[in-house]
Amino acid sequence: MSIDIRGTDTINKGGQLMLEAAVAEMDGAFSLSAPTMRSAYAVRSRLGLLQTAQIQSRPRLSLEAGRLIPQKFQDHFGIVPLQSITGVLDASGFAYSDSFPLTRISTEAAFSRIWETQNAPLIMLPQAFGPFEQPEKRRQTRELLSRASMIFARDAVSETHLETLDLDTPIVRSPDFTIGLPPLAVRPPFPENTALLVPNSKLISQGVFTAAEYSRLMVQYGHSLSRLGLHVRVLVHEEHDSTLGMELGKELNVAVISDPRPRILKAYLGASVLVVSSRYHAAVGALSQEVPTIALGWSHKYLELMQDFGVPSWCAETNSTPEALVRQVINDGKSRKQLSDRKRSLLKDVESMWQTTRNILKRKVNT
């Protein structure tokens, strides 16, 4: 079987974590490929991924082009034409919503027609969905999801949004599947008793804060942590946030840390004593290693994540006072103790999700 892993993005380190987690679970049982436009060759090569022969957002042209590629070229360059795809894993994280461009949704809906023709099961791996209030986005999303064999929704709010689409496709709750992906063993580039600030430019682009408001708020968190005797560092979890991170580091006069390998970043998060994160998968990385985490988000997925770990009070509101919230989280011993139990429960759900996924894909082999 040749399984196409779609929706990930190696510039977005959360997306790369999802890609690496999917490969770790699927490798060995299936041949795996990924489209080239969102996955760097160096990452695909390291993970042993083949390359799906996809021409940007042109499904029919991609299909025709794939038919023209000689077998020896396919074998030599590790190319998988669309007609050879026998199963699809969509690991978008958060792409099907009014918050994102129609182009992405309509493109995947068009590709889903090919998967349906080829009887290739499409599985929507755990991700956030909705809302779907814009008519054309709602129509295209419904077309796509109606062709899926299974939809895994990461949270209750996403489930509610999906219910409005009136789908026949089975929908199952399952948490983020990078929770169990281990970090790499590295020495962190900061001293003990270090707290990390993880910025996200989306809080500005999505209109949650102006640039000045967001900068001021993150600086306040940095000063609050410093006053408690903690070292502070800025961790850039995605390349798009580099400028924002450098500005924040300059304002606080602290070092800015980054790395192109997301499992290194996860190791840094695990080595810290507290994280203030505006990046979803940085919050996942910290919480899954039982590190107290304050989440500042721009969509429902942040609060839902904190509820998964039993710490919804650690999710900052727009009017939260940094000093008070930092002290609350540090002194919340009861919630900190339950992070381990929550993680074990969530990991069971993740393994159940992977088992269901493998079963659906293997049924294709026997039909």
# chains A, B, ... in the order shown; residues from 1 in each chain; ligands from 1

call {"tool": "select_by_dssp", "arguments": {"residues": "stretch 22-149 of chain A", "states": "alpha helix (DSSP H)", "output": "count of residues only"}}
result
57

call {"tool": "residues_around", "arguments": {"residues": "stretch 318-325 of chain A", "least_positions_apart": "2", "cutoff": "7 Å", "atoms": "only C-alpha atoms", "output": "PyMOL selection string"}}
result
chain A and resi 220-221+224+316+327-329

call {"tool": "write_last_selection", "arguments": {"atoms": "C-alpha atoms", "output": "short mmCIF file (atom, residue, chain, number, x, y, z; two decimals), in the first residue's frame"}}
result
data_model
loop_
_atom_site.label_atom_id
_atom_site.label_comp_id
_atom_site.auth_asym_id
_atom_site.auth_seq_id
_atom_site.Cartn_x
_atom_site.Cartn_y
_atom_site.Cartn_z
CA GLN A 220 4.67 41.66 31.06
CA TYR A 221 4.76 37.87 31.27
CA SER A 224 6.50 38.60 35.95
CA ALA A 316 -5.23 33.01 29.59
CA ARG A 327 1.59 32.99 40.39
CA GLN A 328 -1.63 30.97 40.13
CA VAL A 329 -0.04 28.37 37.84
#

call {"tool": "closest_atom_pairs", "arguments": {"of": "stretch 225-288 of chain A", "to": "stretch 180-200 of chain A", "cutoff": "6 Å", "atoms": "only C-alpha atoms", "output": "CSV"}}
result
residue,atom,partner,partner_atom,distance
A:Leu230,CA,A:Asn193,CA,5.5
A:His231,CA,A:Thr194,CA,4.4
A:Val232,CA,A:Ala195,CA,5.0
A:Arg233,CA,A:Leu196,CA,5.1
A:Val234,CA,A:Leu197,CA,4.7
A:Leu235,CA,A:Val198,CA,5.1
A:Val236,CA,A:Val198,CA,6.0
A:Asp241,CA,A:Asn200,CA,5.8
A:Arg263,CA,A:Pro183,CA,4.6
A:Ile264,CA,A:Leu184,CA,5.6
A:Lys266,CA,A:Pro183,CA,5.4
A:Ala267,CA,A:Pro183,CA,4.9
A:Tyr268,CA,A:Pro188,CA,5.6
A:Ser272,CA,A:Thr194,CA,5.3
A:Val273,CA,A:Ala195,CA,5.6
A:Leu274,CA,A:Ala195,CA,4.8
A:Val275,CA,A:Leu196,CA,4.8
A:Val276,CA,A:Leu197,CA,4.9
A:Ser277,CA,A:Val198,CA,4.6
A:Ser278,CA,A:Asn200,CA,5.3
A:Arg279,CA,A:Asn200,CA,5.7

call {"tool": "write_last_selection", "arguments": {"atoms": "C-alpha atoms", "output": "compact mmCIF listing (two decimals), in the first residue's frame"}}
result
# COMPACT_ATOMS: atom_id res chain seq x y z
CA LEU A 230 13.27 32.59 37.02
CA HIS A 231 15.56 32.91 34.04
CA VAL A 232 13.61 33.85 30.92
CA ARG A 233 14.23 32.87 27.32
CA VAL A 234 12.22 33.32 24.12
CA LEU A 235 11.62 30.12 22.14
CA VAL A 236 10.70 30.53 18.46
CA ASP A 241 7.55 34.04 14.35
CA ARG A 263 11.80 17.34 18.62
CA ILE A 264 14.75 19.43 19.80
CA LYS A 266 10.20 19.74 22.45
CA ALA A 267 13.25 18.79 24.51
CA TYR A 268 13.81 22.45 25.39
CA SER A 272 11.94 24.37 31.34
CA VAL A 273 10.09 25.00 34.59
CA LEU A 274 7.21 26.99 33.08
CA VAL A 275 6.07 27.84 29.56
CA VAL A 276 3.95 30.75 28.34
CA SER A 277 2.92 29.62 24.87
CA SER A 278 0.93 31.16 22.06
CA ARG A 279 1.82 28.21 19.79

call {"tool": "closest_residue", "arguments": {"among": "A:Thr160, A:Ser149, A:Ser335, A:Ser97", "to": "A:Asn359", "atoms": "only C-alpha atoms"}}
result
A:Ser149

call {"tool": "residues_around", "arguments": {"residues": "stretch 338-341 of chain A", "least_positions_apart": "6", "cutoff": "9 Å", "atoms": "only C-alpha atoms", "output": "mmCIF file with C-alpha atoms, in the first residue's frame"}}
result
data_model
loop_
_atom_site.group_PDB
_atom_site.id
_atom_site.type_symbol
_atom_site.label_atom_id
_atom_site.label_comp_id
_atom_site.auth_asym_id
_atom_site.auth_seq_id
_atom_site.Cartn_x
_atom_site.Cartn_y
_atom_site.Cartn_z
ATOM 1 C CA LEU A 287 2.038 19.807 28.908
ATOM 2 C CA SER A 288 2.839 16.311 27.638
ATOM 3 C CA GLN A 289 6.084 16.544 29.635
ATOM 4 C CA GLU A 290 4.223 17.756 32.724
ATOM 5 C CA VAL A 291 5.564 21.302 32.513
ATOM 6 C CA PRO A 292 3.184 23.991 33.853
ATOM 7 C CA PHE A 309 -4.991 18.060 30.380
ATOM 8 C CA GLY A 310 -7.383 19.129 33.146
ATOM 9 C CA VAL A 311 -6.003 22.659 33.459
#

call {"tool": "closest_residue", "arguments": {"among": "A:Ala283, A:Ala29, A:Ile69, A:Ile105", "to": "A:Ser57", "atoms": "only C-alpha atoms"}}
result
A:Ile105

call {"tool": "closest_residue", "arguments": {"among": "A:Glu136, A:Glu247, A:Asp176, A:Glu351", "to": "A:Tyr280", "atoms": "only C-alpha atoms"}}
result
A:Asp176

call {"tool": "closest_residue", "arguments": {"among": "A:Thr243, A:Ser39, A:Thr86, A:Thr107", "to": "A:Ile360", "atoms": "only C-alpha atoms"}}
result
A:Thr86
